[in-house]
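*Asks:* The structure's right below; bear with me while I get my questions together.
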Amino acid sequence: MTIHALIFDQSRALSAGLPEARAAIGKARLVWIDAEGRSPEVEELLRALQIHPLTIEDIFETGTTPKVEDFGHYLYIRAHGVAVPPEGPYHLRKEELDIVIGSGWVFTHHGAGTSACAEVREELQRLGRAVDGPRVAHLLLDRLVDDAIPAMDAIDDAAEELEKASVEVMPRRNMVAQVLALRGALHRFRRTAVHQREVLLRLARGEFAAIPKEQLPFFRDVYDHASRLADLADEARDLLGGVLEAHLSMVSNRLNEVTKVLTMTATVFLPISFIASVYGMNFEYMPELNWRWGYPAVLAAMALTAGGLLLWFRRRGWMD
């Protein structure tokens, strides 16, 4: 369990422990408490801040969709980030970030994989800006959206690679599995992007009193970026659908080519087999059995029959 706290006083951002941060609430310009994981100290802090029990449950619950709720004396925002693990874009990792904005304080909660809070915290300490709760929320949401762009780029690159492979002469055996795996990752990404876009739209519209009007343009900018990500996810989904159709079409064409070759081969050998079977019957009185040139004549008849069929196939365009 890791807890980081910043106390903003005028133009300074000072690091502090949890007791100092709790004591500074209501005295400093802003107190930002960032918690990673769950502990009794964090739960006690949330109860001291008069956070609703349902909100506390939502904060520590994972695997849910982004949302925003206004409880009057605080605003609760649940947002999601997406990261590309070392395994690649087929195994995207979703990261949840909970933001609670109160009067003179901000509380955030996340898992070990979320780096947005640490990056924003370092930036504010380095610049020494005097910020408020909505501004911190904007910086965190903006960082989450920006961090999702490399994930979308990785999905695009993987989709383009699959698109090139789908039109190869020899289709990959695992192509369908790869496309379905990438579509599954893209579906999870899109579901997060769409829900998050709706949350950012509500924040950008100024539906909540906790967001000052002068900060709405910042949230509209984040909404524009999130909307673009959702559109890119829709485009990638359509592309993967086309890749799967192209692959299945190439497999079908390949099967048709193989079937055509086998059919023509069987057709050529059918009359040859008939001639051989006729002259292979064990009857004593058959014409040409005692003819000196019978064997070469039969072979020549077989060759002429096969050549005539192949010439006919070519003229019909069946060998193209």
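The chains in the structure tokens are called A, B, ... from first to last as shown; in each chain the residues are counted from 1, and the ligands are counted from 1 in the order shown.
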Against range 146-156 of chain A, which residues of range 227-303 of chain A fall within 8 Å? For each one I want the closest pair of atoms and the distance in Å (one decimal), counting only C-alpha atoms, rows by chain and increasing residue number, as JSON lines.
*Replies:*
```
{"residue": "A:Leu229", "atom": "CA", "partner": "A:Ile149", "partner_atom": "CA", "distance": 7.3}
{"residue": "A:Leu232", "atom": "CA", "partner": "A:Met152", "partner_atom": "CA", "distance": 7.6}
{"residue": "A:Ala233", "atom": "CA", "partner": "A:Met152", "partner_atom": "CA", "distance": 7.4}
{"residue": "A:Ala236", "atom": "CA", "partner": "A:Asp156", "partner_atom": "CA", "distance": 6.6}
```
*Asks:* Name the residues in contact with range 54-70 of chain A at a cut-off of 12 Å, using only C-alpha atoms, excluding same-chain residues fewer than 6 positions from it; report them as a VMD selection string.
*Replies:* chain A and resid 35 to 39 42 to 48 76 to 81 93 to 102 107 to 111 141 188 to 203 207 to 211
*Asks:* Kindly indicate which residue among A:His4, A:His225, A:Lys213, A:Arg183 lies nearest to Ala158 in chain A, using only C-alpha atoms for the distances.
*Replies:*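 Result for the nearest residue to Ala158 in chain A: A:Arg183.
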*Asks:* Using the chain letters and numbers from this document, which residues of range 131-182 of chain A does DSSP assign to helix (DSSP H, G or I), as a ChimeraX atom specification?
*Replies:* /A:133-166,175-182
*Asks:* Now that the selection is made, can you save its residues with N, CA and C atoms as a compact mmCIF listing (two decimals), in the first residue's frame?
*Replies:*
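The result, written out as again-v2.txt:
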```txt
# COMPACT_ATOMS: atom_id res chain seq x y z
N GLY A 133 -8.80 21.41 -7.57
CA GLY A 133 -9.21 20.03 -7.81
C GLY A 133 -9.59 19.73 -9.25
N PRO A 134 -10.46 20.55 -9.88
CA PRO A 134 -10.81 20.28 -11.28
C PRO A 134 -9.61 20.30 -12.22
N ARG A 135 -8.63 21.17 -11.92
CA ARG A 135 -7.45 21.22 -12.78
C ARG A 135 -6.64 19.93 -12.66
N VAL A 136 -6.51 19.40 -11.46
CA VAL A 136 -5.82 18.13 -11.27
C VAL A 136 -6.56 17.02 -12.01
N ALA A 137 -7.90 17.02 -11.91
CA ALA A 137 -8.69 16.00 -12.62
C ALA A 137 -8.48 16.10 -14.12
N HIS A 138 -8.43 17.34 -14.64
CA HIS A 138 -8.21 17.50 -16.07
C HIS A 138 -6.85 16.96 -16.50
N LEU A 139 -5.82 17.28 -15.73
CA LEU A 139 -4.49 16.79 -16.07
C LEU A 139 -4.43 15.27 -16.05
N LEU A 140 -5.09 14.64 -15.10
CA LEU A 140 -5.09 13.18 -15.02
C LEU A 140 -5.85 12.57 -16.19
N LEU A 141 -7.03 13.11 -16.50
CA LEU A 141 -7.82 12.58 -17.61
C LEU A 141 -7.09 12.79 -18.95
N ASP A 142 -6.47 13.94 -19.09
CA ASP A 142 -5.73 14.21 -20.31
C ASP A 142 -4.56 13.24 -20.47
N ARG A 143 -3.89 12.92 -19.37
CA ARG A 143 -2.77 11.99 -19.43
C ARG A 143 -3.26 10.57 -19.77
N LEU A 144 -4.41 10.17 -19.22
CA LEU A 144 -4.95 8.86 -19.54
C LEU A 144 -5.27 8.73 -21.02
N VAL A 145 -5.89 9.78 -21.58
CA VAL A 145 -6.24 9.74 -23.01
C VAL A 145 -4.98 9.74 -23.86
N ASP A 146 -4.00 10.56 -23.50
CA ASP A 146 -2.76 10.61 -24.28
C ASP A 146 -2.02 9.27 -24.21
N ASP A 147 -2.04 8.63 -23.05
CA ASP A 147 -1.36 7.35 -22.91
C ASP A 147 -2.05 6.24 -23.70
N ALA A 148 -3.33 6.44 -24.05
CA ALA A 148 -4.05 5.43 -24.83
C ALA A 148 -3.72 5.50 -26.31
N ILE A 149 -3.13 6.61 -26.76
CA ILE A 149 -2.80 6.75 -28.18
C ILE A 149 -1.79 5.70 -28.64
N PRO A 150 -0.69 5.42 -27.90
CA PRO A 150 0.21 4.35 -28.34
C PRO A 150 -0.48 2.99 -28.45
N ALA A 151 -1.45 2.72 -27.58
CA ALA A 151 -2.19 1.46 -27.68
C ALA A 151 -2.97 1.40 -28.98
N MET A 152 -3.61 2.51 -29.36
CA MET A 152 -4.35 2.55 -30.62
C MET A 152 -3.41 2.42 -31.80
N ASP A 153 -2.23 3.04 -31.71
CA ASP A 153 -1.24 2.92 -32.79
C ASP A 153 -0.76 1.47 -32.93
N ALA A 154 -0.57 0.80 -31.80
CA ALA A 154 -0.13 -0.60 -31.85
C ALA A 154 -1.20 -1.48 -32.48
N ILE A 155 -2.47 -1.20 -32.17
CA ILE A 155 -3.55 -1.97 -32.79
C ILE A 155 -3.60 -1.71 -34.29
N ASP A 156 -3.43 -0.46 -34.69
CA ASP A 156 -3.41 -0.13 -36.12
C ASP A 156 -2.28 -0.85 -36.85
N ASP A 157 -1.10 -0.86 -36.25
CA ASP A 157 0.04 -1.54 -36.88
C ASP A 157 -0.22 -3.04 -37.02
N ALA A 158 -0.79 -3.64 -35.97
CA ALA A 158 -1.09 -5.07 -36.03
C ALA A 158 -2.16 -5.36 -37.07
N ALA A 159 -3.17 -4.47 -37.17
CA ALA A 159 -4.23 -4.66 -38.17
C ALA A 159 -3.68 -4.53 -39.59
N GLU A 160 -2.78 -3.58 -39.81
CA GLU A 160 -2.18 -3.43 -41.14
C GLU A 160 -1.32 -4.64 -41.50
N GLU A 161 -0.62 -5.19 -40.53
CA GLU A 161 0.18 -6.39 -40.79
C GLU A 161 -0.72 -7.56 -41.17
N LEU A 162 -1.84 -7.69 -40.45
CA LEU A 162 -2.78 -8.76 -40.78
C LEU A 162 -3.43 -8.53 -42.14
N GLU A 163 -3.65 -7.26 -42.48
CA GLU A 163 -4.24 -6.96 -43.78
C GLU A 163 -3.32 -7.40 -44.92
N LYS A 164 -2.02 -7.15 -44.78
CA LYS A 164 -1.06 -7.59 -45.80
C LYS A 164 -0.99 -9.12 -45.86
N ALA A 165 -1.04 -9.74 -44.69
CA ALA A 165 -0.95 -11.21 -44.67
C ALA A 165 -2.20 -11.87 -45.22
N SER A 166 -3.34 -11.18 -45.17
CA SER A 166 -4.60 -11.79 -45.60
C SER A 166 -4.67 -12.01 -47.10
N MET A 175 -4.31 -17.30 -39.03
CA MET A 175 -4.80 -15.97 -39.34
C MET A 175 -6.12 -15.66 -38.61
N VAL A 176 -7.06 -16.58 -38.66
CA VAL A 176 -8.37 -16.36 -38.03
C VAL A 176 -8.20 -16.16 -36.52
N ALA A 177 -7.34 -16.96 -35.91
CA ALA A 177 -7.12 -16.82 -34.46
C ALA A 177 -6.51 -15.46 -34.13
N GLN A 178 -5.57 -14.99 -34.96
CA GLN A 178 -4.95 -13.69 -34.72
C GLN A 178 -5.96 -12.56 -34.89
N VAL A 179 -6.77 -12.64 -35.93
CA VAL A 179 -7.76 -11.59 -36.16
C VAL A 179 -8.77 -11.55 -35.01
N LEU A 180 -9.24 -12.71 -34.58
CA LEU A 180 -10.21 -12.74 -33.49
C LEU A 180 -9.60 -12.25 -32.18
N ALA A 181 -8.33 -12.58 -31.94
CA ALA A 181 -7.67 -12.10 -30.72
C ALA A 181 -7.53 -10.59 -30.75
N LEU A 182 -7.15 -10.04 -31.90
CA LEU A 182 -7.00 -8.59 -32.00
C LEU A 182 -8.36 -7.89 -31.93
```
*Asks:* Going by DSSP on the backbone, which residues of range 46-201 of chain A come out as strand (DSSP E)? List them as a PyMOL selection string.
*Replies:* chain A and resi 67-70+74-83+93-102+105-110
*Asks:* Write the residues you've just listed into a file as an mmCIF file, in the first residue's frame, and include N, CA and C atoms for each of them.
*Replies:*
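The new file out-v9.cif reads:
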```
data_model
loop_
_atom_site.group_PDB
_atom_site.id
_atom_site.type_symbol
_atom_site.label_atom_id
_atom_site.label_comp_id
_atom_site.auth_asym_id
_atom_site.auth_seq_id
_atom_site.Cartn_x
_atom_site.Cartn_y
_atom_site.Cartn_z
ATOM 1 N N LYS A 67 -17.540 6.209 -15.342
ATOM 2 C CA LYS A 67 -18.768 6.925 -15.022
ATOM 3 C C LYS A 67 -18.426 8.169 -14.218
ATOM 4 N N VAL A 68 -19.415 9.044 -14.026
ATOM 5 C CA VAL A 68 -19.267 10.250 -13.228
ATOM 6 C C VAL A 68 -20.548 10.424 -12.425
ATOM 7 N N GLU A 69 -20.411 10.756 -11.142
ATOM 8 C CA GLU A 69 -21.554 10.933 -10.249
ATOM 9 C C GLU A 69 -21.320 12.157 -9.391
ATOM 10 N N ASP A 70 -22.373 12.935 -9.217
ATOM 11 C CA ASP A 70 -22.316 14.145 -8.396
ATOM 12 C C ASP A 70 -23.069 13.895 -7.098
ATOM 13 N N TYR A 74 -19.136 16.456 -3.215
ATOM 14 C CA TYR A 74 -17.981 15.947 -3.944
ATOM 15 C C TYR A 74 -18.454 15.373 -5.278
ATOM 16 N N LEU A 75 -17.508 15.275 -6.207
ATOM 17 C CA LEU A 75 -17.760 14.730 -7.543
ATOM 18 C C LEU A 75 -16.873 13.508 -7.731
ATOM 19 N N TYR A 76 -17.501 12.397 -8.108
ATOM 20 C CA TYR A 76 -16.757 11.144 -8.282
ATOM 21 C C TYR A 76 -16.637 10.826 -9.769
ATOM 22 N N ILE A 77 -15.403 10.580 -10.217
ATOM 23 C CA ILE A 77 -15.123 10.230 -11.610
ATOM 24 C C ILE A 77 -14.334 8.927 -11.632
ATOM 25 N N ARG A 78 -14.821 7.997 -12.410
ATOM 26 C CA ARG A 78 -14.068 6.751 -12.615
ATOM 27 C C ARG A 78 -13.665 6.690 -14.083
ATOM 28 N N ALA A 79 -12.374 6.656 -14.332
ATOM 29 C CA ALA A 79 -11.836 6.664 -15.696
ATOM 30 C C ALA A 79 -10.940 5.450 -15.891
ATOM 31 N N HIS A 80 -10.728 5.115 -17.150
ATOM 32 C CA HIS A 80 -9.902 3.970 -17.495
ATOM 33 C C HIS A 80 -8.791 4.387 -18.449
ATOM 34 N N GLY A 81 -7.650 3.803 -18.262
ATOM 35 C CA GLY A 81 -6.537 3.945 -19.192
ATOM 36 C C GLY A 81 -6.214 2.612 -19.818
ATOM 37 N N VAL A 82 -5.496 2.656 -20.925
ATOM 38 C CA VAL A 82 -5.127 1.440 -21.657
ATOM 39 C C VAL A 82 -3.633 1.478 -21.917
ATOM 40 N N ALA A 83 -2.978 0.355 -21.681
ATOM 41 C CA ALA A 83 -1.532 0.259 -21.906
ATOM 42 C C ALA A 83 -1.237 -1.015 -22.683
ATOM 43 N N ARG A 93 -3.774 -4.056 -21.540
ATOM 44 C CA ARG A 93 -4.001 -4.006 -20.095
ATOM 45 C C ARG A 93 -4.826 -2.760 -19.761
ATOM 46 N N LYS A 94 -5.949 -2.959 -19.113
ATOM 47 C CA LYS A 94 -6.812 -1.843 -18.719
ATOM 48 C C LYS A 94 -6.449 -1.400 -17.311
ATOM 49 N N GLU A 95 -6.369 -0.081 -17.123
ATOM 50 C CA GLU A 95 -5.998 0.494 -15.831
ATOM 51 C C GLU A 95 -7.106 1.437 -15.375
ATOM 52 N N GLU A 96 -7.523 1.290 -14.138
ATOM 53 C CA GLU A 96 -8.618 2.110 -13.612
ATOM 54 C C GLU A 96 -8.072 3.204 -12.705
ATOM 55 N N LEU A 97 -8.666 4.374 -12.839
ATOM 56 C CA LEU A 97 -8.294 5.513 -12.003
ATOM 57 C C LEU A 97 -9.569 6.138 -11.448
ATOM 58 N N ASP A 98 -9.646 6.225 -10.121
ATOM 59 C CA ASP A 98 -10.789 6.845 -9.444
ATOM 60 C C ASP A 98 -10.375 8.224 -8.946
ATOM 61 N N ILE A 99 -11.207 9.219 -9.257
ATOM 62 C CA ILE A 99 -10.935 10.606 -8.874
ATOM 63 C C ILE A 99 -12.129 11.132 -8.094
ATOM 64 N N VAL A 100 -11.874 11.651 -6.898
ATOM 65 C CA VAL A 100 -12.917 12.269 -6.067
ATOM 66 C C VAL A 100 -12.503 13.719 -5.829
ATOM 67 N N ILE A 101 -13.367 14.643 -6.255
ATOM 68 C CA ILE A 101 -13.062 16.080 -6.139
ATOM 69 C C ILE A 101 -13.972 16.676 -5.080
ATOM 70 N N GLY A 102 -13.361 17.223 -4.044
ATOM 71 C CA GLY A 102 -14.112 17.891 -3.000
ATOM 72 C C GLY A 102 -13.704 19.349 -2.894
ATOM 73 N N TRP A 105 -9.847 19.673 -1.716
ATOM 74 C CA TRP A 105 -9.113 18.409 -1.679
ATOM 75 C C TRP A 105 -9.463 17.542 -2.905
ATOM 76 N N VAL A 106 -8.544 16.654 -3.240
ATOM 77 C CA VAL A 106 -8.724 15.666 -4.306
ATOM 78 C C VAL A 106 -8.171 14.346 -3.809
ATOM 79 N N PHE A 107 -8.930 13.300 -4.024
ATOM 80 C CA PHE A 107 -8.476 11.955 -3.680
ATOM 81 C C PHE A 107 -8.475 11.111 -4.956
ATOM 82 N N THR A 108 -7.378 10.402 -5.185
ATOM 83 C CA THR A 108 -7.277 9.502 -6.334
ATOM 84 C C THR A 108 -6.866 8.119 -5.859
ATOM 85 N N HIS A 109 -7.352 7.126 -6.589
ATOM 86 C CA HIS A 109 -7.033 5.732 -6.255
ATOM 87 C C HIS A 109 -6.801 4.980 -7.559
ATOM 88 N N HIS A 110 -5.799 4.112 -7.580
ATOM 89 C CA HIS A 110 -5.467 3.371 -8.790
ATOM 90 C C HIS A 110 -4.676 2.133 -8.414
#
```
